[in-house]
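> Got a file for you: structure_28.csv, CSV, C-alpha atoms.
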```csv
chain,number,residue,atom,x,y,z
A,21,MET,CA,64.4,-161.2,98.7
A,22,LYS,CA,68.1,-162.1,98.9
A,23,THR,CA,70.5,-159.4,98.0
A,24,VAL,CA,73.0,-160.4,95.2
A,25,ASP,CA,76.6,-159.2,95.5
A,26,PRO,CA,77.4,-157.9,91.9
A,27,LEU,CA,81.1,-158.5,92.5
A,28,HIS,CA,80.8,-162.1,93.7
A,29,GLY,CA,82.8,-164.3,91.4
A,30,VAL,CA,84.2,-161.4,89.3
A,31,ALA,CA,87.7,-161.6,90.8
A,32,ALA,CA,87.8,-165.3,90.4
A,33,PHE,CA,86.7,-165.1,86.7
A,34,LEU,CA,89.3,-162.5,85.9
A,35,ALA,CA,92.1,-164.5,87.6
A,36,VAL,CA,91.1,-167.7,85.7
A,37,ALA,CA,90.9,-165.7,82.4
A,38,GLU,CA,94.3,-164.1,83.0
A,39,HIS,CA,96.1,-167.2,84.0
A,40,GLN,CA,94.2,-169.5,81.7
A,41,GLY,CA,93.4,-172.1,84.3
A,42,PHE,CA,91.6,-172.6,87.6
A,43,THR,CA,94.6,-173.9,89.5
A,44,ALA,CA,96.8,-170.9,88.5
A,45,GLY,CA,94.0,-168.4,89.0
A,46,ALA,CA,93.3,-169.8,92.5
A,47,ALA,CA,97.0,-169.6,93.4
A,48,ALA,CA,97.1,-166.0,92.3
A,49,LEU,CA,94.1,-165.2,94.6
A,50,GLY,CA,95.4,-167.3,97.5
A,51,LEU,CA,92.2,-169.5,97.3
A,52,THR,CA,91.6,-173.1,96.7
A,53,ARG,CA,90.8,-174.4,93.2
A,54,ALA,CA,87.4,-175.6,94.4
A,55,THR,CA,86.5,-172.1,95.8
A,56,VAL,CA,87.4,-170.4,92.6
A,57,SER,CA,85.5,-172.9,90.5
A,58,ALA,CA,82.4,-172.5,92.6
A,59,GLN,CA,82.6,-168.7,92.4
A,60,VAL,CA,82.9,-168.7,88.6
A,61,ALA,CA,80.0,-171.2,88.4
A,62,ASP,CA,77.9,-168.9,90.6
A,63,LEU,CA,78.7,-166.0,88.4
A,64,GLU,CA,77.7,-167.9,85.2
A,65,ALA,CA,74.5,-168.9,86.8
A,66,ARG,CA,73.7,-165.4,87.8
A,67,LEU,CA,74.4,-164.1,84.3
A,68,GLY,CA,72.7,-167.0,82.6
A,69,VAL,CA,75.6,-167.5,80.2
A,70,ARG,CA,78.7,-169.7,80.0
A,71,LEU,CA,81.9,-167.6,80.3
A,72,LEU,CA,84.5,-170.3,80.0
A,73,HIS,CA,85.1,-173.5,77.9
A,74,ARG,CA,86.5,-176.0,80.3
A,75,SER,CA,88.6,-179.1,79.3
A,76,THR,CA,91.1,-181.3,80.9
A,77,ARG,CA,93.9,-179.5,79.2
A,78,ASN,CA,93.0,-175.8,79.3
A,79,VAL,CA,90.4,-173.1,79.9
A,80,ARG,CA,89.3,-170.8,77.1
A,81,LEU,CA,87.0,-167.8,77.1
A,82,THR,CA,83.7,-168.1,75.3
A,83,PRO,CA,82.6,-165.2,73.1
A,84,ALA,CA,80.4,-164.0,75.9
A,85,GLY,CA,83.3,-164.5,78.3
A,86,GLN,CA,85.6,-162.5,76.1
A,87,ALA,CA,83.1,-159.6,75.9
A,88,TYR,CA,82.5,-159.7,79.6
A,89,ARG,CA,86.3,-159.6,80.3
A,90,ASP,CA,86.8,-156.7,77.9
A,91,ARG,CA,84.1,-154.7,79.7
A,92,LEU,CA,85.9,-155.4,83.0
A,93,ALA,CA,89.4,-154.8,81.7
A,94,ASP,CA,89.9,-151.6,83.7
A,95,LEU,CA,88.2,-152.8,86.9
A,96,PRO,CA,91.3,-153.9,88.8
A,97,GLY,CA,93.0,-150.6,88.0
A,98,ARG,CA,89.9,-148.6,89.1
A,99,LEU,CA,89.6,-150.6,92.3
A,100,THR,CA,93.3,-150.0,93.0
A,101,GLU,CA,92.8,-146.3,92.4
A,102,ALA,CA,89.7,-146.3,94.6
A,103,GLU,CA,91.7,-147.9,97.4
A,104,ARG,CA,94.5,-145.4,97.0
A,105,ALA,CA,92.0,-142.5,97.2
A,106,ALA,CA,90.4,-144.0,100.3
A,107,ARG,CA,93.8,-144.4,102.0
A,108,ALA,CA,94.8,-140.9,101.0
A,109,GLU,CA,91.8,-139.5,102.9
A,110,GLN,CA,93.7,-140.5,106.1
A,111,THR,CA,97.2,-139.5,105.0
A,112,VAL,CA,97.1,-136.6,102.4
A,113,PRO,CA,95.4,-133.3,103.3
A,114,GLU,CA,93.3,-132.8,100.2
A,115,GLY,CA,89.7,-132.7,99.1
A,116,ARG,CA,86.7,-130.5,100.0
A,117,LEU,CA,86.2,-129.4,103.6
A,118,ARG,CA,82.8,-128.3,104.8
A,119,VAL,CA,82.9,-126.0,107.9
A,120,THR,CA,80.2,-124.2,109.9
A,121,ALA,CA,81.3,-121.3,112.2
A,122,PRO,CA,79.9,-118.3,114.0
A,123,PRO,CA,79.7,-115.2,111.7
A,124,ASP,CA,81.3,-113.0,114.4
A,125,LEU,CA,84.4,-115.2,114.6
A,126,GLY,CA,84.4,-115.7,110.8
A,127,VAL,CA,84.5,-112.0,109.8
A,128,ARG,CA,87.3,-111.1,112.2
A,129,PHE,CA,89.5,-114.1,112.1
A,130,LEU,CA,88.4,-117.2,110.2
A,131,VAL,CA,88.2,-115.8,106.7
A,132,PRO,CA,91.8,-114.5,106.9
A,133,TRP,CA,92.9,-117.7,108.5
A,134,VAL,CA,91.3,-119.9,105.9
A,135,ALA,CA,93.0,-117.9,103.2
A,136,GLU,CA,96.3,-118.6,104.8
A,137,PHE,CA,95.4,-122.3,105.3
A,138,LEU,CA,94.5,-122.7,101.6
A,139,ARG,CA,97.8,-121.2,100.5
A,140,GLN,CA,99.6,-123.8,102.6
A,141,HIS,CA,97.4,-126.7,101.3
A,142,PRO,CA,96.7,-126.2,97.6
A,143,GLY,CA,94.9,-129.6,97.4
A,144,ILE,CA,92.2,-128.5,99.8
A,145,SER,CA,89.1,-126.4,99.1
A,146,ILE,CA,86.7,-125.1,101.8
A,147,ASP,CA,83.0,-124.6,101.8
A,148,MET,CA,82.3,-122.4,105.0
A,149,GLU,CA,78.9,-121.5,106.4
A,150,LEU,CA,78.9,-118.5,108.8
A,151,SER,CA,75.9,-119.1,111.1
A,152,ASN,CA,75.0,-119.5,114.7
A,153,ALA,CA,72.3,-122.0,113.9
A,154,PRO,CA,72.6,-125.5,115.5
A,155,ARG,CA,73.8,-128.1,113.0
A,156,ASN,CA,73.7,-131.9,113.1
A,157,LEU,CA,77.1,-132.4,111.6
A,158,ILE,CA,76.5,-135.9,110.3
A,159,GLU,CA,73.0,-135.3,108.8
A,160,SER,CA,74.1,-131.9,107.3
A,161,ARG,CA,77.4,-133.5,106.1
A,162,PHE,CA,79.7,-130.9,107.7
A,163,ASP,CA,83.2,-132.0,108.4
A,164,LEU,CA,83.7,-129.5,111.2
A,165,ALA,CA,81.9,-127.0,113.4
A,166,ILE,CA,83.5,-124.2,115.4
A,167,ARG,CA,81.3,-123.3,118.3
A,168,GLY,CA,81.3,-121.6,121.7
A,169,THR,CA,78.2,-122.8,123.7
A,170,LEU,CA,77.5,-126.3,122.4
A,171,GLU,CA,75.9,-129.6,123.3
A,172,VAL,CA,78.3,-132.4,122.4
A,173,GLY,CA,76.7,-135.6,121.1
A,174,PRO,CA,78.0,-139.1,121.7
A,175,ASN,CA,79.5,-139.4,118.2
A,176,LEU,CA,81.4,-136.1,118.2
A,177,ILE,CA,85.0,-135.1,119.1
A,178,THR,CA,85.8,-131.7,120.6
A,179,ARG,CA,89.1,-129.8,120.7
A,180,ALA,CA,89.4,-126.6,122.7
A,181,LEU,CA,90.7,-123.7,120.7
A,182,GLY,CA,90.7,-121.0,123.2
A,183,GLN,CA,88.6,-118.8,125.6
A,184,SER,CA,87.6,-115.3,124.7
A,185,ARG,CA,86.9,-113.0,127.6
A,186,LEU,CA,83.6,-111.0,127.7
A,187,ILE,CA,84.2,-107.2,127.6
A,188,THR,CA,81.5,-104.7,128.8
A,189,CYS,CA,82.0,-101.5,127.0
A,190,ALA,CA,80.4,-98.4,125.3
A,191,ARG,CA,81.4,-95.4,123.2
A,192,ALA,CA,83.0,-92.6,125.2
A,193,ASP,CA,80.4,-90.0,124.3
A,194,TYR,CA,77.6,-92.3,125.4
A,195,LEU,CA,79.3,-92.6,128.8
A,196,MET,CA,79.7,-88.9,129.0
A,197,ARG,CA,76.0,-88.4,128.5
A,198,ARG,CA,74.7,-91.2,130.7
A,199,GLY,CA,77.5,-91.6,133.3
A,200,VAL,CA,80.0,-94.4,133.9
A,201,PRO,CA,78.6,-97.4,135.9
A,202,ASP,CA,80.7,-98.2,139.1
A,203,GLN,CA,79.0,-101.5,139.9
A,204,PRO,CA,77.2,-104.1,137.8
A,205,GLY,CA,73.9,-103.1,139.4
A,206,ASP,CA,74.3,-99.6,138.0
A,207,LEU,CA,73.6,-101.0,134.5
A,208,ALA,CA,69.9,-100.9,135.3
A,209,GLY,CA,69.8,-97.2,134.4
A,210,HIS,CA,71.5,-97.7,131.0
A,211,ASP,CA,70.5,-98.7,127.4
A,212,LEU,CA,71.8,-102.2,127.2
A,213,LEU,CA,72.6,-104.0,123.9
A,214,HIS,CA,72.2,-107.7,124.4
A,215,PHE,CA,73.9,-110.5,122.5
A,216,SER,CA,71.4,-113.4,122.4
A,217,GLY,CA,73.9,-115.5,120.5
A,218,LEU,CA,75.7,-116.4,123.8
A,219,ARG,CA,72.6,-118.4,124.8
A,220,GLN,CA,72.9,-117.4,128.5
A,221,GLY,CA,69.4,-115.8,128.8
A,222,ARG,CA,68.6,-112.2,129.5
A,223,SER,CA,71.3,-111.7,132.1
A,224,TRP,CA,74.9,-110.6,132.3
A,225,THR,CA,77.2,-112.4,134.7
A,226,PHE,CA,80.1,-110.5,136.4
A,227,LEU,CA,82.9,-112.1,138.4
A,228,ARG,CA,85.3,-110.6,140.9
A,229,GLY,CA,87.5,-113.0,142.8
A,230,GLU,CA,85.1,-115.5,144.4
A,231,GLU,CA,82.2,-113.0,144.0
A,232,ARG,CA,79.6,-113.5,141.3
A,233,THR,CA,76.8,-111.1,140.3
A,234,ASP,CA,74.0,-111.8,137.7
A,235,VAL,CA,72.4,-108.7,136.3
A,236,PRO,CA,69.0,-109.0,134.7
A,237,VAL,CA,68.9,-107.4,131.3
A,238,SER,CA,65.9,-105.5,129.8
A,239,PRO,CA,67.6,-104.8,126.4
A,240,ARG,CA,67.1,-101.6,124.5
A,241,MET,CA,68.4,-103.7,121.5
A,242,GLU,CA,68.8,-107.5,121.2
A,243,LEU,CA,70.6,-109.2,118.3
A,244,SER,CA,71.8,-112.7,117.6
A,245,GLU,CA,75.0,-111.7,115.8
A,246,GLY,CA,77.7,-110.0,117.8
A,247,TRP,CA,79.3,-108.2,114.8
A,248,ALA,CA,76.0,-106.4,114.1
A,249,LEU,CA,75.7,-105.6,117.8
A,250,ARG,CA,79.2,-104.2,117.8
A,251,THR,CA,78.1,-101.8,115.1
A,252,ALA,CA,75.3,-100.5,117.3
A,253,ALA,CA,77.7,-99.9,120.2
A,254,LEU,CA,80.1,-98.1,117.8
A,255,GLU,CA,77.1,-95.8,116.9
A,256,GLY,CA,76.7,-94.9,120.5
A,257,ALA,CA,73.5,-96.9,121.1
A,258,GLY,CA,74.4,-98.1,124.5
A,259,VAL,CA,76.4,-100.5,126.7
A,260,VAL,CA,77.3,-103.9,125.2
A,261,GLN,CA,78.9,-107.1,126.5
A,262,LEU,CA,80.6,-109.0,123.8
A,263,PRO,CA,83.5,-111.4,123.4
A,264,ALA,CA,87.0,-110.0,122.9
A,265,PHE,CA,87.2,-111.6,119.5
A,266,VAL,CA,84.4,-109.2,118.5
A,267,VAL,CA,85.3,-105.9,120.3
A,268,GLY,CA,88.9,-106.4,121.6
A,269,HIS,CA,90.5,-104.4,118.8
A,270,ASP,CA,87.9,-101.6,119.2
A,271,VAL,CA,88.8,-101.3,122.9
A,272,ARG,CA,92.6,-101.3,122.2
A,273,GLU,CA,92.2,-98.6,119.6
A,274,GLY,CA,89.9,-96.4,121.7
A,275,ARG,CA,86.7,-96.7,119.7
A,276,LEU,CA,85.0,-98.4,122.7
A,277,VAL,CA,85.7,-97.8,126.4
A,278,PRO,CA,85.7,-100.8,128.9
A,279,ILE,CA,83.7,-100.2,132.1
A,280,LEU,CA,83.3,-101.9,135.5
A,281,ALA,CA,87.0,-102.2,136.2
A,282,GLY,CA,87.8,-105.1,138.5
A,283,TRP,CA,84.8,-107.1,137.3
A,284,ARG,CA,85.0,-109.6,134.4
A,285,GLY,CA,82.5,-111.5,132.4
A,286,ARG,CA,82.4,-115.2,132.0
A,287,PRO,CA,84.9,-116.5,129.4
A,288,VAL,CA,83.4,-117.7,126.1
A,289,PRO,CA,85.0,-121.1,125.2
A,290,LEU,CA,85.6,-122.0,121.6
A,291,HIS,CA,85.8,-125.5,120.3
A,292,ALA,CA,86.4,-127.4,117.1
A,293,VAL,CA,83.8,-130.2,116.8
A,294,TYR,CA,83.9,-133.0,114.3
A,295,PRO,CA,82.3,-136.4,113.9
A,296,ASP,CA,84.1,-139.4,115.5
A,297,ASN,CA,84.7,-141.6,112.5
A,298,ARG,CA,87.7,-143.2,114.1
A,299,LEU,CA,89.8,-142.6,110.9
A,300,ILE,CA,89.6,-138.8,110.7
A,301,ALA,CA,90.3,-137.4,107.2
A,302,ALA,CA,93.7,-135.8,106.9
A,303,ARG,CA,92.2,-132.5,105.8
A,304,VAL,CA,90.2,-132.3,109.0
A,305,ARG,CA,93.2,-133.1,111.2
A,306,ALA,CA,95.3,-130.5,109.3
A,307,PHE,CA,92.7,-127.8,109.6
A,308,VAL,CA,92.0,-128.4,113.3
A,309,THR,CA,95.8,-128.3,114.1
A,310,PHE,CA,96.1,-125.1,112.1
A,311,LEU,CA,93.1,-123.5,113.9
A,312,ALA,CA,94.5,-124.4,117.3
A,313,ALA,CA,97.9,-122.8,116.5
A,314,LYS,CA,96.3,-119.6,115.2
A,315,ALA,CA,93.9,-119.3,118.2
A,316,LYS,CA,96.8,-119.8,120.7
A,317,ALA,CA,98.6,-116.9,119.1
A,318,GLU,CA,95.6,-114.6,119.1
A,319,VAL,CA,95.3,-112.4,122.2
A,320,ASP,CA,91.5,-112.0,121.8
A,321,LEU,CA,91.0,-115.8,122.0
A,322,GLN,CA,92.8,-116.1,125.3
A,323,PRO,CA,91.4,-115.8,128.9
A,324,GLU,CA,92.3,-112.9,131.0
```
How does this structure look as structure tokens?


Amino acid sequence: MKTVDPLHGVAAFLAVAEHQGFTAGAAALGLTRATVSAQVADLEARLGVRLLHRSTRNVRLTPAGQAYRDRLADLPGRLTEAERAARAEQTVPEGRLRVTAPPDLGVRFLVPWVAEFLRQHPGISIDMELSNAPRNLIESRFDLAIRGTLEVGPNLITRALGQSRLITCARADYLMRRGVPDQPGDLAGHDLLHFSGLRQGRSWTFLRGEERTDVPVSPRMELSEGWALRTAALEGAGVVQLPAFVVGHDVREGRLVPILAGWRGRPVPLHAVYPDNRLIAARVRAFVTFLAAKAKAEVDLQPE
């Protein structure tokens, strides 16, 4: 079955009605008189009613044509407004922004950052999901994802925001009871708190210069959210390896003690990921630029 364009002939009819003639209407549209006449005839045939009385001297609306024109009176204005709104998507930062981000990053940084961003952009509202779950941005209709470990599809754009170092640490009284490890291999005798959200398997990687050591982990506790695992470490449950954006402030303030001096964990990259729609909405561009600036200024989102 052939699909009928409901707008075919409408512009031609409105132009003829406004200018009271096919020649003048065609000139207003930049079309030939024959093209406009054919489009109006097609419209009348589709509607099954005559819209115009035609004579050699003038063109007048039939009662049906007058009723039809009255119903369409605001159509040009609404189309103009729709075009303006569509163009504004690319130029004016406004509208609703749907974001998915890790809860560990969200609690510590993103929520305060978003509050600041919204103060700067009163025309934008944000719907933010805090989750580590994989998301298909296009199918789930998210404008933006913030991720560390990620698989980038062919229709996605990524922008690096920063790299957060991994810190291996524990509470001071736990280390007094169990001893302080000198080498990565010494962790085998400790209660290990494993962050499965990093998706690197049950092993911790340590680097020192060109040397690399992978330590198998048999976790005493395993959680998929770093912020919850941080709480366990703060309660003295064992040794944890977490990104600096989760435990950096605890180390600086002495609540957790870093161990294995000279060894470092692999950095955790952070990316902003968004669909490649060629014409990216202005609100997405504004938010990504804002995030990049905030991440650059944050010590816990920088490599060692």

> Tell me which protein, DNA and RNA residues are within 9 Å of Leu262 (chain A), counting only C-alpha atoms, leaving out same-chain ones fewer than 4 positions away, and put them as a PyMOL selection string.

chain A and resi 185-189+214-215+218+246+249-250+266-268

> Hey, which bits of region 162-224 of chain A sit within 8 Å of region 284-297 of chain A, and for each residue what's the closest pair of atoms and how far apart in Å (one decimal), counting all atoms listed in the file, rows by chain and increasing number, as CSV?


```
residue,atom,partner,partner_atom,distance
A:Asp163,CA,A:Tyr294,CA,6.0
A:Leu164,CA,A:Tyr294,CA,4.7
A:Ala165,CA,A:Val293,CA,5.0
A:Ile166,CA,A:Ala292,CA,4.6
A:Arg167,CA,A:His291,CA,5.4
A:Gly168,CA,A:Leu290,CA,4.3
A:Thr169,CA,A:Pro289,CA,7.2
A:Asn175,CA,A:Asp296,CA,5.3
A:Leu176,CA,A:Pro295,CA,4.4
A:Ile177,CA,A:Tyr294,CA,5.4
A:Thr178,CA,A:Val293,CA,4.5
A:Arg179,CA,A:Ala292,CA,5.1
A:Ala180,CA,A:His291,CA,4.5
A:Leu181,CA,A:His291,CA,5.2
A:Gly182,CA,A:Leu290,CA,5.4
A:Gln183,CA,A:Pro289,CA,4.3
A:Ser184,CA,A:Val288,CA,5.0
A:Arg185,CA,A:Pro287,CA,4.4
A:Leu186,CA,A:Gly285,CA,4.9
A:Ile187,CA,A:Gly285,CA,6.7
A:Thr188,CA,A:Gly285,CA,7.8
A:Trp224,CA,A:Gly285,CA,7.7
```

> Taking into account all atoms listed in the file, which residue in the set A:Arg191, A:Arg275, A:Lys316, A:Arg228 is nearest to Gly258 (chain A)?

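Checking each candidate against Gly258 (chain A), we get A:Arg191 as the closest.
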
> Work out how far apart CA of Leu81 (chain A) and CA of Ala32 (chain A) are and give it in Å to one decimal.

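According to the coordinates, CA of Leu81 (chain A) and CA of Ala32 (chain A) are separated by 13.6 Å.
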
> Rounded to one decimal place, report the CA of Glu318 (chain A)-CA of Gly143 (chain A) distance in Å.

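Interatomic distance, CA of Glu318 (chain A) to CA of Gly143 (chain A): 26.4 Å.
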
> Give me, please, the distance in Å between CA of Arg77 (chain A) and CA of Leu92 (chain A), quoted to one decimal.

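According to the coordinates, CA of Arg77 (chain A) and CA of Leu92 (chain A) are separated by 25.7 Å.
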
> Restricting the calculation to all atoms listed in the file: of A:Ala37, A:Val56, A:Leu51, A:Ile146, which residue gets closest to His73 (chain A)?

A:Ala37

> For Asp62 (chain A), please output as a ChimeraX atom specification all residues within 12 Å (counting only C-alpha atoms; exclusion window: fewer than 3 positions along the same chain).

/A:24-30,32-33,55-59,65-71
